[in-house]
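The next block is model39.cif, given as mmCIF, C-alpha atoms and all ligand atoms.
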data_upload
#
loop_
_atom_site.label_atom_id
_atom_site.label_comp_id
_atom_site.auth_asym_id
_atom_site.auth_seq_id
_atom_site.Cartn_x
_atom_site.Cartn_y
_atom_site.Cartn_z
CA MET A 1 0.35 -50.80 13.76
CA PRO A 2 -1.27 -50.03 10.40
CA ASN A 3 -2.80 -46.59 11.28
CA GLN A 4 0.04 -45.19 13.29
CA LYS A 5 1.76 -42.25 11.61
CA THR A 6 5.47 -41.80 11.53
CA TRP A 7 7.09 -38.72 13.04
CA ALA A 8 7.87 -37.46 9.57
CA GLU A 9 4.21 -37.71 8.56
CA LYS A 10 3.07 -35.96 11.74
CA LEU A 11 5.53 -33.14 11.19
CA GLN A 12 4.37 -32.66 7.62
CA GLU A 13 0.85 -32.02 8.86
CA ASN A 14 1.87 -29.41 11.40
CA TRP A 15 4.79 -27.50 9.93
CA PHE A 16 5.51 -25.59 6.86
CA THR A 17 8.78 -24.12 5.75
CA THR A 18 9.34 -20.99 3.77
CA LYS A 19 11.98 -18.40 3.08
CA LEU A 20 12.19 -15.60 5.63
CA GLU A 21 11.80 -13.02 2.87
CA THR A 22 8.59 -14.65 1.61
CA TYR A 23 7.20 -14.72 5.11
CA VAL A 24 8.07 -11.08 5.80
CA ASN A 25 6.59 -9.99 2.46
CA TRP A 26 3.41 -11.89 3.26
CA ALA A 27 3.15 -10.13 6.63
CA ARG A 28 3.83 -6.73 5.08
CA LYS A 29 1.31 -7.07 2.29
CA SER A 30 -1.33 -8.32 4.72
CA SER A 31 -1.05 -5.43 7.18
CA LEU A 32 -0.66 -2.20 5.25
CA TRP A 33 -1.09 1.00 7.23
CA PRO A 34 -2.22 3.67 4.79
CA MET A 35 -1.73 7.36 5.19
CA PRO A 36 -4.28 9.32 3.12
CA PHE A 37 -3.14 12.46 1.36
CA GLY A 38 -6.46 13.74 0.09
CA THR A 39 -6.59 17.10 -1.60
CA ALA A 40 -9.69 17.01 -3.80
CA CYS A 41 -12.69 15.04 -5.05
CA CYS A 42 -10.85 11.68 -5.26
CA ALA A 43 -10.53 11.79 -1.47
CA ILE A 44 -14.33 11.48 -1.15
CA GLU A 45 -14.21 8.29 -3.19
CA PHE A 46 -11.35 7.10 -1.01
CA MET A 47 -13.56 7.47 2.08
CA SER A 48 -16.14 5.12 0.62
CA VAL A 49 -13.47 2.42 0.23
CA LEU A 50 -13.25 2.38 4.00
CA SER A 51 -17.01 2.10 4.48
CA SER A 52 -18.61 -1.16 5.49
CA HIS A 53 -19.87 -1.67 1.93
CA TYR A 54 -16.40 -1.86 0.35
CA ASP A 55 -14.59 -2.70 3.57
CA LEU A 56 -10.87 -2.27 2.95
CA ALA A 57 -10.36 -4.23 6.16
CA ARG A 58 -10.81 -7.39 4.08
CA PHE A 59 -7.36 -6.64 2.67
CA GLY A 60 -5.75 -5.84 6.01
CA ALA A 61 -5.37 -2.18 5.12
CA GLU A 62 -8.01 -0.39 7.14
CA VAL A 63 -5.84 1.05 9.89
CA LEU A 64 -5.47 4.59 8.60
CA ARG A 65 -2.75 6.64 10.16
CA PHE A 66 -2.53 10.40 9.95
CA SER A 67 1.07 10.35 10.97
CA PRO A 68 3.61 9.46 8.26
CA ARG A 69 5.85 7.93 10.90
CA GLN A 70 3.27 5.22 11.52
CA SER A 71 2.40 4.53 7.88
CA ASP A 72 3.85 2.42 5.12
CA LEU A 73 1.40 3.19 2.32
CA LEU A 74 0.82 6.72 1.04
CA ILE A 75 -2.40 7.07 -0.95
CA VAL A 76 -2.45 10.37 -2.80
CA SER A 77 -5.98 11.17 -3.86
CA GLY A 78 -6.54 14.49 -5.55
CA THR A 79 -4.90 17.35 -7.34
CA VAL A 80 -1.46 18.35 -6.11
CA THR A 81 -0.52 21.95 -6.72
CA ASP A 82 3.03 23.26 -6.84
CA LYS A 83 2.46 24.83 -3.43
CA MET A 84 1.51 21.45 -1.96
CA ALA A 85 4.38 19.58 -3.61
CA PRO A 86 6.97 20.27 -0.86
CA VAL A 87 4.45 19.15 1.78
CA LEU A 88 3.85 15.87 -0.05
CA LYS A 89 7.59 15.30 -0.38
CA LYS A 90 8.15 16.00 3.31
CA ILE A 91 5.40 13.58 4.33
CA TYR A 92 6.87 10.88 2.08
CA ASP A 93 10.35 11.45 3.49
CA GLN A 94 9.02 11.09 7.03
CA MET A 95 7.61 7.62 6.36
CA PRO A 96 9.88 4.78 7.50
CA GLU A 97 11.11 2.14 5.05
CA PRO A 98 9.74 0.02 3.53
CA LYS A 99 7.06 2.26 2.06
CA TRP A 100 4.83 2.31 -0.98
CA VAL A 101 2.78 4.90 -2.87
CA ILE A 102 -0.50 4.71 -4.75
CA ALA A 103 -1.45 7.58 -7.05
CA MET A 104 -5.24 7.54 -7.00
CA GLY A 105 -6.95 9.18 -9.95
CA ALA A 106 -6.02 11.16 -13.02
CA CYS A 107 -4.87 14.25 -11.10
CA ALA A 108 -2.41 12.43 -8.84
CA SER A 109 -1.22 10.23 -11.73
CA SER A 110 -0.76 12.87 -14.42
CA GLY A 111 -2.22 16.21 -13.40
CA GLY A 112 -5.56 15.17 -14.90
CA PHE A 113 -7.25 17.85 -16.93
CA TYR A 114 -5.28 20.57 -15.14
CA ARG A 115 -2.74 21.34 -17.80
CA ALA A 116 -1.82 24.40 -15.81
CA TYR A 117 1.34 26.03 -14.55
CA HIS A 118 0.37 25.61 -10.89
CA VAL A 119 -0.47 21.87 -10.89
CA VAL A 120 2.04 19.02 -10.59
CA GLN A 121 1.75 16.89 -13.71
CA GLY A 122 1.83 13.62 -11.79
CA ILE A 123 3.18 13.03 -8.31
CA ASP A 124 5.97 10.87 -9.74
CA GLU A 125 7.67 14.19 -10.48
CA ILE A 126 8.19 14.43 -6.71
CA ILE A 127 8.09 10.93 -5.18
CA PRO A 128 8.29 7.35 -6.54
CA VAL A 129 4.93 5.76 -7.34
CA ASP A 130 4.23 2.01 -7.14
CA ILE A 131 0.67 1.87 -8.45
CA TYR A 132 -1.37 4.24 -10.60
CA VAL A 133 -5.15 3.99 -10.37
CA GLY A 134 -6.90 5.53 -13.37
CA GLY A 135 -10.22 7.38 -13.31
CA CYS A 136 -11.71 10.76 -12.50
CA PRO A 137 -12.46 9.74 -9.88
CA PRO A 138 -11.57 6.04 -9.77
CA THR A 139 -14.32 3.80 -8.47
CA PRO A 140 -13.87 2.24 -5.03
CA GLU A 141 -13.42 -1.06 -6.86
CA GLY A 142 -10.62 0.58 -8.86
CA LEU A 143 -8.74 1.56 -5.72
CA ILE A 144 -9.27 -1.87 -4.21
CA HIS A 145 -7.83 -3.34 -7.40
CA GLY A 146 -4.84 -1.02 -6.97
CA VAL A 147 -4.30 -2.22 -3.40
CA MET A 148 -4.47 -5.83 -4.59
CA LEU A 149 -1.89 -5.11 -7.32
CA LEU A 150 0.36 -3.52 -4.71
CA GLN A 151 0.00 -6.59 -2.52
CA LYS A 152 1.14 -8.75 -5.44
CA LYS A 153 4.11 -6.44 -5.96
CA ILE A 154 5.10 -6.58 -2.27
CA GLU A 155 4.82 -10.37 -2.38
CA LYS A 156 7.60 -10.49 -4.98
CA GLU A 157 9.91 -7.87 -3.50
CA LYS A 158 13.51 -8.84 -2.93
CA GLY A 159 16.28 -7.29 -0.90
CA LYS A 160 14.04 -5.24 1.40
CA LEU A 161 14.26 -7.57 4.36
CA LEU A 162 16.33 -5.21 6.44
CA SER A 163 14.93 -1.98 5.16
CA VAL A 164 16.06 1.00 7.14
CA ARG A 165 15.41 4.66 6.73
CA ASP A 166 17.62 6.55 4.33
S1 LIG B 201 -8.99 12.92 -10.83
FE1 LIG B 201 -11.02 13.89 -11.07
S2 LIG B 201 -12.12 13.30 -9.23
FE2 LIG B 201 -9.93 12.97 -8.79
S3 LIG B 201 -9.22 14.87 -7.87
FE3 LIG B 201 -8.87 15.02 -10.07
S4 LIG B 201 -10.68 16.10 -10.85
FE4 LIG B 201 -11.21 15.30 -8.80
#
Output the file's structure as structure tokens, nothing else.
Ligand code: SF4
Amino acid sequence: MPNQKTWAEKLQENWFTTKLETYVNWARKSSLWPMPFGTACCAIEFMSVLSSHYDLARFGAEVLRFSPRQSDLLIVSGTVTDKMAPVLKKIYDQMPEPKWVIAMGACASSGGFYRAYHVVQGIDEIIPVDIYVGGCPPTPEGLIHGVMLLQKKIEKEKGKLLSVRD
């Protein structure tokens, strides 16, 4: 029969194969659960990213969680003072692995214009940061770009398949 497909051809249309790690990374990057740590003006800009206009849901990251135990993405938006530093560290420590961090804005990334004794000069002094988003404040598009860069990073991650808490 000229039009009849072989089993091999039928299977090719209905199956795809991939590495387990690639598949898991794809699932992780497509379903981020962010925990906002908003301390100042950048947090207002963060809220707009969740609005219908910018719609972070398009990137699978709209399910905000205010419990670190249910989150895998910490978005720090705002100035972090020395007094707040232990709180930020504790929240990060309570998040299960695998977890990622975005420093949103100049203050979170470097202390911003607060060259002062009481302000942390970048949250990477306390916790590891995956993505830095520049701006004072960053635009919603800037944060979305940061989330997209993080997704690309997660896509390429290796050795985190069986991540467990420290
Ligand atoms: S970076 Fe600018 S907008 Fe963001 S918290 Fe600091 S001062 Fe406010």
Practice prompt. Select the residues contacting ligand LIG 201 (chain B) at a distance of at most 12 Å, based on all atoms listed in the file, then format the selection as a VMD selection string.
Written response: chain A and resid 37 to 46 76 to 81 103 to 115 119 to 122 132 to 140 143
Practice prompt. Extract, using all atoms listed in the file, all DNA, RNA and protein residues at most 10 Å from Phe66 in chain A, discarding same-chain residues fewer than 5 positions from it, and format them as an MDAnalysis selection string.
Written response: chainID A and resid 33:37 71
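Proximity of A:Ile123, A:Met47, A:Leu32, A:Ile131 to Phe59 in chain A, computed with only C-alpha atoms, is greatest for A:Leu32.
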Per-residue nearest contacts of range 37-127 of chain A to range 152-160 of chain A (12 Å; only C-alpha atoms) as JSON lines:
{"residue": "A:Phe59", "atom": "CA", "partner": "A:Lys152", "partner_atom": "CA", "distance": 11.9}
{"residue": "A:Asp72", "atom": "CA", "partner": "A:Ile154", "partner_atom": "CA", "distance": 11.7}
{"residue": "A:Leu73", "atom": "CA", "partner": "A:Ile154", "partner_atom": "CA", "distance": 11.4}
{"residue": "A:Glu97", "atom": "CA", "partner": "A:Lys160", "partner_atom": "CA", "distance": 8.7}
{"residue": "A:Pro98", "atom": "CA", "partner": "A:Lys160", "partner_atom": "CA", "distance": 7.1}
{"residue": "A:Lys99", "atom": "CA", "partner": "A:Ile154", "partner_atom": "CA", "distance": 10.0}
{"residue": "A:Trp100", "atom": "CA", "partner": "A:Ile154", "partner_atom": "CA", "distance": 9.0}
{"residue": "A:Val101", "atom": "CA", "partner": "A:Ile154", "partner_atom": "CA", "distance": 11.7}
Worksheet item: What does the distance between CA of Leu11 in chain A and CA of Lys29 in chain A come to in Å, to one decimal place?
Response: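 So the answer is 27.9 Å.
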